[in-house]
Every structure is written in structure tokens, then in C-alpha cells.
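K.L.:
Just so it is clear, I am handing over run-v7.pdb, which has PDB, C-alpha atoms.
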```
ATOM      1  CA  MET W1008     131.322  88.957 124.613
ATOM      2  CA  ILE W1009     129.106  91.331 122.633
ATOM      3  CA  GLU W1010     130.456  94.578 121.227
ATOM      4  CA  LEU W1011     127.678  97.065 120.464
ATOM      5  CA  VAL W1012     128.598  99.681 117.862
ATOM      6  CA  PRO W1013     126.290 102.561 116.843
ATOM      7  CA  TYR W1014     126.076 102.874 113.066
ATOM      8  CA  SER W1015     127.959 105.703 111.371
ATOM      9  CA  VAL W1016     128.558 106.439 107.699
ATOM     10  CA  VAL W1017     132.149 105.153 107.877
ATOM     11  CA  LYS W1018     130.671 101.701 108.541
ATOM     12  CA  LYS W1019     128.478 101.721 105.420
ATOM     13  CA  ASP W1020     130.464  99.100 103.479
ATOM     14  CA  GLU W1021     130.703  96.874 106.531
ATOM     15  CA  TRP W1022     126.951  97.159 107.044
ATOM     16  CA  ASP W1023     126.079  96.462 103.398
ATOM     17  CA  ASN W1024     128.431  93.494 103.135
ATOM     18  CA  PHE W1025     126.765  91.877 106.125
ATOM     19  CA  VAL W1026     123.257  92.468 104.738
ATOM     20  CA  SER W1027     124.254  90.657 101.525
ATOM     21  CA  VAL W1028     125.287  87.478 103.405
ATOM     22  CA  SER W1029     122.649  87.601 106.158
ATOM     23  CA  ARG W1030     119.589  85.400 106.421
ATOM     24  CA  THR W1031     117.490  88.268 105.030
ATOM     25  CA  PRO W1032     119.360  89.967 102.165
ATOM     26  CA  THR W1033     116.612  92.454 101.323
ATOM     27  CA  LEU W1034     116.917  95.617  99.280
ATOM     28  CA  LEU W1035     115.445  97.906 101.947
ATOM     29  CA  HIS W1036     118.296  97.352 104.404
ATOM     30  CA  TYR W1037     121.183  98.485 102.224
ATOM     31  CA  ARG W1038     122.336 101.903 103.366
ATOM     32  CA  ASP W1039     121.939 103.480  99.923
ATOM     33  CA  TYR W1040     118.240 102.725 100.247
ATOM     34  CA  MET W1041     117.858 103.489 103.948
ATOM     35  CA  ASP W1042     119.706 106.789 103.716
ATOM     36  CA  TYR W1043     118.039 108.351 100.674
ATOM     37  CA  HIS W1044     115.655 110.035 103.137
ATOM     38  CA  SER W1045     118.054 110.187 106.090
ATOM     39  CA  ASN W1046     117.249 113.877 106.566
ATOM     40  CA  ARG W1047     113.770 112.847 107.757
ATOM     41  CA  PHE W1048     114.939 110.502 110.513
ATOM     42  CA  GLN W1049     117.401 110.509 113.382
ATOM     43  CA  ASP W1050     119.236 107.241 112.880
ATOM     44  CA  ALA W1051     119.681 104.899 115.829
ATOM     45  CA  SER W1052     120.906 101.779 114.023
ATOM     46  CA  LEU W1053     123.192  99.316 115.788
ATOM     47  CA  ILE W1054     125.887  96.818 114.822
ATOM     48  CA  PHE W1055     126.567  93.828 117.088
ATOM     49  CA  LYS W1056     129.973  92.124 116.960
ATOM     50  CA  SER W1057     131.725  89.205 118.585
ATOM     51  CA  ARG W1058     135.501  88.900 118.228
ATOM     52  CA  ASP W1059     135.381  91.698 115.648
ATOM     53  CA  LYS W1060     132.879  89.758 113.506
ATOM     54  CA  ILE W1061     129.387  91.119 112.853
ATOM     55  CA  MET W1062     126.666  88.852 114.225
ATOM     56  CA  ALA W1063     123.604  91.066 113.810
ATOM     57  CA  LEU W1064     122.355  94.484 112.725
ATOM     58  CA  LEU W1065     119.370  96.511 113.856
ATOM     59  CA  PRO W1066     118.167  99.235 111.463
ATOM     60  CA  ALA W1067     116.455 101.788 113.701
ATOM     61  CA  CYS W1068     115.565 105.429 114.219
ATOM     62  CA  ILE W1069     113.921 107.692 116.763
ATOM     63  CA  SER W1070     110.193 108.021 116.144
ATOM     64  CA  ARG W1071     109.244 111.350 114.622
ATOM     65  CA  ASN W1072     106.028 111.285 116.660
ATOM     66  CA  ASN W1073     107.578 110.476 120.022
ATOM     67  CA  PRO W1074     111.270 110.996 120.921
ATOM     68  CA  ASN W1075     110.981 108.350 123.639
ATOM     69  CA  VAL W1076     110.237 105.597 121.113
ATOM     70  CA  ILE W1077     112.774 103.713 118.986
ATOM     71  CA  VAL W1078     111.418 102.205 115.754
ATOM     72  CA  SER W1079     112.942  99.539 113.515
ATOM     73  CA  HIS W1080     112.454 101.299 111.137
ATOM     74  CA  GLU W1081     109.953 104.129 110.749
ATOM     75  CA  GLY W1082     111.028 104.861 107.171
ATOM     76  CA  LEU W1083     110.935 101.229 106.034
ATOM     77  CA  THR W1084     108.182  98.696 105.417
ATOM     78  CA  TYR W1085     109.893  96.272 107.789
ATOM     79  CA  GLY W1086     112.956  96.168 110.018
ATOM     80  CA  GLY W1087     113.881  93.936 112.926
ATOM     81  CA  PHE W1088     117.183  92.216 113.648
ATOM     82  CA  ILE W1089     119.233  91.165 110.629
ATOM     83  CA  LEU W1090     121.014  87.976 111.632
ATOM     84  CA  ALA W1091     124.141  86.065 110.723
ATOM     85  CA  ASP W1092     123.748  82.569 109.322
ATOM     86  CA  LYS W1093     125.271  80.978 112.423
ATOM     87  CA  LEU W1094     123.934  82.626 115.563
ATOM     88  CA  HIS W1095     122.799  80.745 118.645
ATOM     89  CA  THR W1096     119.503  81.864 120.155
ATOM     90  CA  SER W1097     121.121  82.391 123.555
ATOM     91  CA  PHE W1098     123.604  84.799 121.954
ATOM     92  CA  LEU W1099     120.760  86.628 120.213
ATOM     93  CA  GLU W1100     119.094  86.976 123.605
ATOM     94  CA  GLU W1101     122.201  88.782 124.852
ATOM     95  CA  ILE W1102     122.079  91.013 121.769
ATOM     96  CA  PHE W1103     118.441  91.842 122.584
ATOM     97  CA  LYS W1104     119.355  92.785 126.132
ATOM     98  CA  SER W1105     122.294  94.939 125.071
ATOM     99  CA  ALA W1106     120.147  96.802 122.510
ATOM    100  CA  LEU W1107     117.347  97.490 124.989
ATOM    101  CA  ASN W1108     119.777  98.693 127.668
ATOM    102  CA  TYR W1109     121.574 100.908 125.147
ATOM    103  CA  TYR W1110     118.365 102.611 124.028
ATOM    104  CA  LYS W1111     117.212 103.124 127.627
ATOM    105  CA  GLU W1112     120.512 104.589 128.753
ATOM    106  CA  THR W1113     121.559 106.573 125.659
ATOM    107  CA  PHE W1114     118.217 107.799 124.296
ATOM    108  CA  LYS W1115     116.110 107.557 127.470
ATOM    109  CA  ALA W1116     113.738 105.453 125.387
ATOM    110  CA  LEU W1117     110.566 104.116 126.993
ATOM    111  CA  GLN W1118     109.517 101.821 124.144
ATOM    112  CA  ILE W1119     110.876 100.048 121.103
ATOM    113  CA  THR W1120     108.701  99.184 118.097
ATOM    114  CA  ILE W1121     109.870  96.437 115.746
ATOM    115  CA  LYS W1122     108.426  95.457 112.356
ATOM    116  CA  PRO W1123     109.951  92.007 111.691
ATOM    117  CA  ILE W1124     110.752  90.928 108.154
ATOM    118  CA  PRO W1125     107.926  88.745 106.737
ATOM    119  CA  TYR W1126     108.913  85.122 106.271
ATOM    120  CA  ILE W1127     108.821  85.171 102.466
ATOM    121  CA  TYR W1128     111.866  87.503 102.484
ATOM    122  CA  MET W1129     113.954  85.103 104.545
ATOM    123  CA  GLU W1130     116.792  83.150 103.009
ATOM    124  CA  LYS W1131     116.730  81.047 106.179
ATOM    125  CA  PRO W1132     114.265  81.156 109.101
ATOM    126  CA  CYS W1133     114.725  84.032 111.579
ATOM    127  CA  ASP W1134     111.861  83.498 114.000
ATOM    128  CA  GLU W1135     114.156  83.366 117.013
ATOM    129  CA  GLN W1136     113.523  87.084 117.339
ATOM    130  CA  LEU W1137     109.751  86.539 117.403
ATOM    131  CA  TYR W1138     110.218  84.083 120.249
ATOM    132  CA  LEU W1139     112.419  86.558 122.123
ATOM    133  CA  LEU W1140     110.020  89.437 121.544
ATOM    134  CA  HIS W1141     107.358  87.297 123.185
ATOM    135  CA  ARG W1142     109.635  86.294 126.051
ATOM    136  CA  PHE W1143     110.610  89.919 126.679
ATOM    137  CA  GLY W1144     106.943  90.898 126.896
ATOM    138  CA  ALA W1145     106.333  92.518 123.514
ATOM    139  CA  THR W1146     102.798  92.714 122.187
ATOM    140  CA  ILE W1147     101.509  92.841 118.619
ATOM    141  CA  THR W1148     100.199  96.384 118.196
ATOM    142  CA  GLY W1149      99.586  96.216 114.468
ATOM    143  CA  ARG W1150      99.024  93.623 111.769
ATOM    144  CA  ASN W1151      98.770  94.410 108.073
ATOM    145  CA  LEU W1152      97.857  91.883 105.410
ATOM    146  CA  SER W1153      99.607  91.491 102.079
ATOM    147  CA  GLN W1154      98.950  89.033  99.261
ATOM    148  CA  ALA W1155     101.796  87.163  97.587
ATOM    149  CA  ILE W1156     102.032  84.669  94.732
ATOM    150  CA  ASN W1157     104.183  81.583  95.167
ATOM    151  CA  LEU W1158     106.073  81.549  91.863
ATOM    152  CA  THR W1159     107.482  78.058  92.487
ATOM    153  CA  LYS W1160     103.977  76.604  92.050
ATOM    154  CA  PRO W1161     101.593  76.768  89.071
ATOM    155  CA  VAL W1162      99.749  80.103  89.227
ATOM    156  CA  LYS W1163      95.964  79.754  89.034
ATOM    157  CA  MET W1164      94.295  83.074  88.231
ATOM    158  CA  ASN W1165      90.549  83.515  88.435
ATOM    159  CA  THR W1166      88.434  83.925  85.313
ATOM    160  CA  LEU W1167      88.143  87.719  85.653
ATOM    161  CA  ARG W1168      91.908  88.228  85.630
ATOM    162  CA  GLN W1169      92.233  85.817  82.709
ATOM    163  CA  ARG W1170      89.590  87.748  80.743
ATOM    164  CA  CYS W1171      91.377  91.049  81.426
ATOM    165  CA  ILE W1172      94.681  89.624  80.174
ATOM    166  CA  LYS W1173      92.983  88.258  77.064
ATOM    167  CA  LYS W1174      91.386  91.638  76.399
ATOM    168  CA  ALA W1175      94.774  93.361  76.697
ATOM    169  CA  VAL W1176      96.309  90.930  74.198
ATOM    170  CA  GLN W1177      93.412  91.378  71.767
ATOM    171  CA  ASN W1178      93.801  95.155  71.907
ATOM    172  CA  GLY W1179      97.514  95.055  71.208
ATOM    173  CA  ILE W1180      98.707  96.216  74.630
ATOM    174  CA  GLN W1181     102.505  95.902  74.806
ATOM    175  CA  VAL W1182     104.597  95.465  77.948
ATOM    176  CA  LYS W1183     108.201  96.573  78.347
ATOM    177  CA  GLU W1184     110.692  97.605  80.992
ATOM    178  CA  ALA W1185     111.132 101.373  81.241
ATOM    179  CA  LEU W1186     114.757 102.451  81.309
ATOM    180  CA  ASN W1187     114.912 106.207  80.733
ATOM    181  CA  HIS W1188     114.185 109.190  82.953
ATOM    182  CA  ASN W1189     111.250 110.467  80.895
ATOM    183  CA  GLU W1190     109.406 107.163  81.225
ATOM    184  CA  TRP W1191     109.862 107.240  84.991
ATOM    185  CA  ASN W1192     108.503 110.791  85.082
ATOM    186  CA  ASP W1193     105.514 109.790  82.937
ATOM    187  CA  PHE W1194     104.867 106.907  85.304
ATOM    188  CA  HIS W1195     104.976 109.172  88.374
ATOM    189  CA  ALA W1196     102.448 111.512  86.789
ATOM    190  CA  LEU W1197     100.161 108.546  86.098
ATOM    191  CA  LEU W1198     100.666 107.239  89.638
ATOM    192  CA  THR W1199      99.910 110.622  91.201
ATOM    193  CA  LEU W1200      96.683 110.922  89.219
ATOM    194  CA  THR W1201      95.654 107.344  90.060
ATOM    195  CA  LEU W1202      96.246 107.724  93.805
ATOM    196  CA  LYS W1203      94.562 111.136  93.947
ATOM    197  CA  THR W1204      91.404 110.118  92.090
ATOM    198  CA  ARG W1205      90.972 106.630  93.567
ATOM    199  CA  HIS W1206      92.375 106.942  97.103
ATOM    200  CA  SER W1207      92.809 110.706  97.824
ATOM    201  CA  VAL W1208      96.492 110.197  98.702
ATOM    202  CA  THR W1209      99.849 111.084  97.157
ATOM    203  CA  PRO W1210     102.837 108.800  96.416
ATOM    204  CA  THR W1211     105.257 108.202  99.272
ATOM    205  CA  HIS W1212     108.179 108.893  96.920
ATOM    206  CA  SER W1213     108.595 111.937  94.732
ATOM    207  CA  ALA W1214     109.535 111.496  91.076
ATOM    208  CA  ASP W1215     113.110 112.584  91.849
ATOM    209  CA  GLU W1216     113.395 110.153  94.767
ATOM    210  CA  LEU W1217     112.208 107.218  92.677
ATOM    211  CA  TRP W1218     114.649 108.037  89.900
ATOM    212  CA  LEU W1219     117.476 108.415  92.437
ATOM    213  CA  LEU W1220     116.684 105.019  93.951
ATOM    214  CA  HIS W1221     116.502 103.429  90.504
ATOM    215  CA  THR W1222     119.921 104.819  89.592
ATOM    216  CA  ARG W1223     121.340 103.456  92.863
ATOM    217  CA  PHE W1224     119.734 100.038  92.345
ATOM    218  CA  PRO W1225     119.085  99.674  88.589
ATOM    219  CA  LYS W1226     118.753  95.874  88.764
ATOM    220  CA  GLN W1227     116.590  95.863  91.870
ATOM    221  CA  ILE W1228     114.267  98.860  91.501
ATOM    222  CA  ARG W1229     112.606  98.456  88.123
ATOM    223  CA  LEU W1230     109.661  99.873  86.224
ATOM    224  CA  PHE W1231     107.434  97.852  83.906
ATOM    225  CA  VAL W1232     104.895  99.640  81.731
ATOM    226  CA  SER W1233     102.181  98.825  79.219
ATOM    227  CA  TYR W1234     101.424 100.909  76.141
ATOM    228  CA  LYS W1235      98.778 101.148  73.472
ATOM    229  CA  HIS W1236     100.582 102.765  70.551
ATOM    230  CA  GLU W1237     102.553 105.591  72.254
ATOM    231  CA  THR W1238     100.296 106.037  75.288
ATOM    232  CA  MET W1239     101.295 104.662  78.700
ATOM    233  CA  LEU W1240      98.218 102.964  80.143
ATOM    234  CA  ALA W1241      99.555 101.231  83.242
ATOM    235  CA  ALA W1242     102.791 100.746  85.160
ATOM    236  CA  CYS W1243     104.299  98.826  88.036
ATOM    237  CA  VAL W1244     107.431  99.572  90.081
ATOM    238  CA  VAL W1245     109.013  96.361  91.336
ATOM    239  CA  TYR W1246     111.544  96.036  94.160
ATOM    240  CA  VAL W1247     113.565  92.879  93.523
ATOM    241  CA  SER W1248     115.270  91.194  96.480
ATOM    242  CA  LYS W1249     116.845  87.759  96.541
ATOM    243  CA  ASN W1250     113.629  85.808  97.138
ATOM    244  CA  VAL W1251     110.867  88.314  96.514
ATOM    245  CA  ALA W1252     109.727  90.746  93.836
ATOM    246  CA  HIS W1253     107.594  93.352  95.583
ATOM    247  CA  THR W1254     105.199  95.583  93.642
ATOM    248  CA  GLN W1255     105.927  98.905  95.319
ATOM    249  CA  TYR W1256     103.549 100.905  93.132
ATOM    250  CA  LEU W1257     100.736  99.962  90.748
ATOM    251  CA  ALA W1258      98.996 102.517  88.542
ATOM    252  CA  SER W1259      96.540 102.451  85.673
ATOM    253  CA  SER W1260      94.656 105.082  83.708
ATOM    254  CA  VAL W1261      90.911 104.899  83.088
ATOM    255  CA  GLU W1262      91.648 103.610  79.585
ATOM    256  CA  GLY W1263      94.151 101.151  81.011
ATOM    257  CA  ARG W1264      91.536  99.661  83.321
ATOM    258  CA  LYS W1265      89.230  99.312  80.337
ATOM    259  CA  TYR W1266      91.819  97.260  78.429
ATOM    260  CA  GLY W1267      93.358  95.215  81.261
ATOM    261  CA  ALA W1268      96.662  97.064  80.888
ATOM    262  CA  LEU W1269      97.791  96.401  84.466
ATOM    263  CA  ASP W1270      96.723  92.759  84.373
ATOM    264  CA  ILE W1271      98.984  92.075  81.408
ATOM    265  CA  ILE W1272     101.948  93.605  83.251
ATOM    266  CA  ILE W1273     101.376  91.317  86.251
ATOM    267  CA  ASN W1274     100.973  88.348  83.932
ATOM    268  CA  SER W1275     104.242  89.263  82.212
ATOM    269  CA  LEU W1276     106.039  89.393  85.563
ATOM    270  CA  ILE W1277     104.664  86.001  86.550
ATOM    271  CA  SER W1278     105.468  84.299  83.266
ATOM    272  CA  SER W1279     108.660  86.051  82.126
ATOM    273  CA  LYS W1280     112.350  85.878  82.992
ATOM    274  CA  TRP W1281     112.350  89.395  84.459
ATOM    275  CA  ILE W1282     112.043  88.080  88.015
ATOM    276  CA  GLU W1283     112.859  84.422  87.473
ATOM    277  CA  GLU W1284     115.215  84.319  90.477
ATOM    278  CA  CYS W1285     112.348  85.189  92.855
ATOM    279  CA  LYS W1286     110.223  82.681  94.725
ATOM    280  CA  TYR W1287     107.409  85.124  95.473
ATOM    281  CA  LEU W1288     105.675  88.099  93.913
ATOM    282  CA  ASP W1289     104.467  90.204  96.840
ATOM    283  CA  PHE W1290     101.732  92.741  96.067
ATOM    284  CA  GLY W1291     102.144  94.621  99.355
ATOM    285  CA  ILE W1292      99.566  95.347 102.011
ATOM    286  CA  SER W1293      95.850  95.624 101.318
ATOM    287  CA  THR W1294      95.036  97.222 104.659
ATOM    288  CA  GLU W1295      94.251 100.852 105.422
ATOM    289  CA  TYR W1296      95.920 103.088 108.012
ATOM    290  CA  ASP W1297      93.499 101.889 110.700
ATOM    291  CA  GLY W1298      94.212  98.231 109.908
ATOM    292  CA  SER W1299      90.896  97.578 108.151
ATOM    293  CA  LEU W1300      90.969  95.531 104.964
ATOM    294  CA  ASN W1301      90.510  97.140 101.567
ATOM    295  CA  TYR W1302      88.313  94.345 100.233
ATOM    296  CA  GLY W1303      88.440  95.388  96.586
ATOM    297  CA  LEU W1304      92.224  95.606  96.607
ATOM    298  CA  ALA W1305      92.597  92.253  98.348
ATOM    299  CA  LEU W1306      90.140  90.642  95.945
ATOM    300  CA  GLN W1307      92.075  91.915  92.940
ATOM    301  CA  LYS W1308      95.356  90.486  94.248
ATOM    302  CA  GLU W1309      93.751  87.200  95.225
ATOM    303  CA  GLY W1310      92.466  86.989  91.666
ATOM    304  CA  PHE W1311      96.079  86.610  90.529
ATOM    305  CA  ASP W1312      96.451  83.688  92.991
ATOM    306  CA  GLY W1313      97.799  85.847  95.796
ATOM    307  CA  HIS W1314      97.610  84.483  99.355
ATOM    308  CA  GLY W1315      97.935  86.191 102.712
ATOM    309  CA  VAL W1316     101.217  87.271 104.309
ATOM    310  CA  CYS W1317     101.175  89.273 107.553
ATOM    311  CA  TYR W1318     103.300  92.344 108.186
ATOM    312  CA  ASP W1319     103.322  92.572 111.981
ATOM    313  CA  ILE W1320     104.292  95.370 114.357
ATOM    314  CA  TYR W1321     105.556  94.588 117.865
ATOM    315  CA  SER W1322     105.900  97.070 120.728
ATOM    316  CA  LEU W1323     107.958  96.507 123.847
ATOM    317  CA  LYS W1324     108.042  98.714 126.935
ATOM    318  CA  LEU W1325     111.570  99.375 128.172
TER     319      LEU W1325
END
```
Here is a file; write its structure as C-alpha cells.
P.N.:
Amino acid sequence: MIELVPYSVVKKDEWDNFVSVSRTPTLLHYRDYMDYHSNRFQDASLIFKSRDKIMALLPACISRNNPNVIVSHEGLTYGGFILADKLHTSFLEEIFKSALNYYKETFKALQITIKPIPYIYMEKPCDEQLYLLHRFGATITGRNLSQAINLTKPVKMNTLRQRCIKKAVQNGIQVKEALNHNEWNDFHALLTLTLKTRHSVTPTHSADELWLLHTRFPKQIRLFVSYKHETMLAACVVYVSKNVAHTQYLASSVEGRKYGALDIIINSLISSKWIEECKYLDFGISTEYDGSLNYGLALQKEGFDGHGVCYDIYSLKL
């Protein structure tokens, strides 16, 4: 018998404890991360229990663009069902049905959109939900491409990336982890300038939001920077989950690009003990808003020995 429980703040600890022992213990699904921008979204997350034991979670919200659409989750890179270690597929099918019926009846939803967790973030396989999405008639309505490095294998960078790293070493570029508020603010200023001049966009997170998230997750949201003397040339924010270190933001000044200041940061992450517990270094998607590939960005990541990982989006009519 399935008990469906809408999420509320009093269930925060219960939610977080389950995430930590689930098949996908990723940073993004802890409530202190999900709720930092809770004022922007109407939460519709669900908890599924059997005999008072949590079997699955579904982080979700109402779409800001269409109140008849439920999204898992519009404010997160990926969502989908978070599953217990031991959960039979037939029971998950019942969970699917209960969730869809709940959203139809309670929110008058006409569609649910799910962004499943990419496989590299899985502690154990979770593709039962992909099978069920197919069986229930869902279609892939979006597919973004990321590049990730398998850190359990020898990393084979191309000659360009190797030359950039060598140039950084020859010019005395130093890499360190940034720990104080001023360094985070300096990074955000560099990031804002980089995104504005190269891509005509602004950072998703404000400086205050990034610092808040770092203080909530100091061991999981980290900033690595490179300097020449006292000048910050490049920086990289890394989200560290159990299996994956994800480069959330990459930024470099004009001078930094000249000296390979970002390349030496990536090389330090690959070769150091900073993320030694991770199996993958995920650079994040190299696709634009319309799904087209940013060839230069993909080429740069592939130069570090990155290989393709899809971030898919499924839509299901209710």
C-alpha cells in the first residue's frame, strides 16, 4: 500500500536523510539547496511511503510558464524520482500512477515534465523510471549534451590543452581553493564580465546566492581560482556530489586565457586530492537554449578528455 505525502518544511530532515541513502545522493536534491530560491517556485514535491518507510521522492514544482504543467524540477538541472535501494519495479509503477493521479486531481495538471538524473550521478542504476516513462507514453522533448571525464581511467588531454597547462606553469600561475567572502565576490565579478562579453548572458546565481549556498554546503560547493601575483585570472565553482564533481561555473579574464589560467585549474582538479572521491568530472552542458551545440565549448571540454553525457527532458500528457 502506497502512502503519498506532499512535502512540507516539517519533513525536511526526513527528506534529506532519504536523499543521502538513495541510489542518487546528489547535492541538488537536499532541501537546503532546493529551497534557497523557493520564493521563485510553487513546490509540488512528493514523498512516497510504504509501512511508514520512504520508498521514493519526487522533487517537483508548478511550471512558472504554465500552471497546468508540473516539472521535476524547473529550478534544478535534473530531477526525476529519487529511489530507495530496494524497490521493485512493479511498486515503482504504482508510485508513478499515484503521482500522476495526484497531480491531475489536486493541481488539475495536464502534463508532467521530468528531467531524469544522468547516469554518472547514480550510485546504483535507476533506469526503471526511464522504462516506465516510455510505457506511460512519455516522449523526449529535449536533449542537452554535457562532456564528462572518467577520473577512474587515465586522462588523455589533447596537445592544445597540454600546451596551455605548460604555459600556465611557465608563467607562475598558482591554483588554490578560495575560502573567504571577498574571493567569492571577486570571482562573481569576473564571471559576470566573462558571461556578458562572451555570451551576452548573466549568471544564474547572484553573488549573495552563491555565497549562501557555499556556507550551507562548504564541502560540496567549492571555488578554485588561479592567480598571477595578486590578480585573479580564472576561477571554477565545483559542485561535489558522491560520484561527480560538476563544474557549475567557469570564468577567465582575457589575460587568463592568454596564460592558460583556466586550464591549470582543470588540470589541478583532475590530478589533485580535492575531488579524489569522485568518479567523474562533469563540465555541464554545451548546448544552447534551442538545443544546438556550442561547438567551441564542446571542443574545449573534449580537449580535456571529456566524453558525451545526455541530459534528457521527458514530457507526459496526463
K.L.:
Tell me which residues the PyMOL selection byres ((chain W and resi 1069-1085) around 9) grabs here, as a PyMOL selection string.
P.N.:
chain W and resi 1035-1036+1041+1044-1045+1047-1052+1065-1068+1086-1088+1110+1114-1125+1318-1320
K.L.:
Provide the atom CA of W:Val1028 to atom CA of W:Asp1092 distance in Å, to one decimal place.
P.N.:
7.8 Å
K.L.:
To one decimal in Å, tell me the separation between atom CA of W:Asp1297 and atom CA of W:Leu1152.
P.N.:
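Between these atoms lies a distance of 12.1 Å.
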K.L.:
Give as a list in words the set of residues within 8 Å of the point (91.6, 90.2, 90.6), where distances use the file's coordinates and all atoms listed in the file.
P.N.:
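Residues close enough to count: Met1164, Asn1165, Leu1167, Arg1168, Leu1306, Gln1307, Lys1308, Glu1309, Gly1310 and Phe1311 of chain W.
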K.L.:
To one decimal place, how far is atom CA of W:Ile1282 from atom CA of W:Tyr1040 in Å?
P.N.:
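Interatomic distance here is 20.1 Å.
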K.L.:
Of the candidates W:Phe1098, W:Tyr1321, W:Tyr1043, W:Phe1025, which shows the shortest atom-to-atom distance to W:Glu1216, using all atoms listed in the file?
P.N.:
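Selected residue with least distance to W:Glu1216: W:Tyr1043.
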K.L.:
Kindly indicate which residue among W:Asn1301, W:Glu1100, W:Ile1277, W:Lys1163 lies nearest to W:Phe1143, using all atoms listed in the file for the distances.
P.N.:
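Looking only at the distances to W:Phe1143, the closest residue turns out to be W:Glu1100.
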K.L.:
Using only C-alpha atoms, which of W:Tyr1256, W:Asn1274, W:Gly1303, W:Gln1136 sits nearest W:Phe1290?
P.N.:
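Of W:Tyr1256, W:Asn1274, W:Gly1303, W:Gln1136, the one nearest W:Phe1290, counting only C-alpha atoms, is W:Tyr1256.
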K.L.:
Select, from W:Cys1171, W:Leu1034, W:Leu1140, W:Leu1325, the residue with the minimum atom-to-atom distance to W:Gly1263, counting all atoms listed in the file.
P.N.:
W:Cys1171
K.L.:
Kindly provide, as lines of an AutoDock Vina configuration file, the centre and edge lengths (Å, one decimal) of an axis-aligned box around all atoms of stretch 1179-1191 of chain W given in the file, with 5 Å on each side.
P.N.:
```
center_x = 106.2
center_y = 102.8
center_z = 78.1
size_x = 27.4
size_y = 25.4
size_z = 23.8
```
K.L.:
Using all atoms listed in the file, which residue out of W:Leu1053, W:Leu1198, W:Ala1305, W:Val1162 lies closest to W:Glu1010?
P.N.:
W:Leu1053
K.L.:
Let me make sure I understand: among W:Ser1293, W:Ser1105, W:Thr1211, W:Asn1178, which one has the smallest atom-to-atom distance to W:Pro1013 if we use only C-alpha atoms?
P.N.:
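So, comparing all the options, the nearest one is W:Ser1105.
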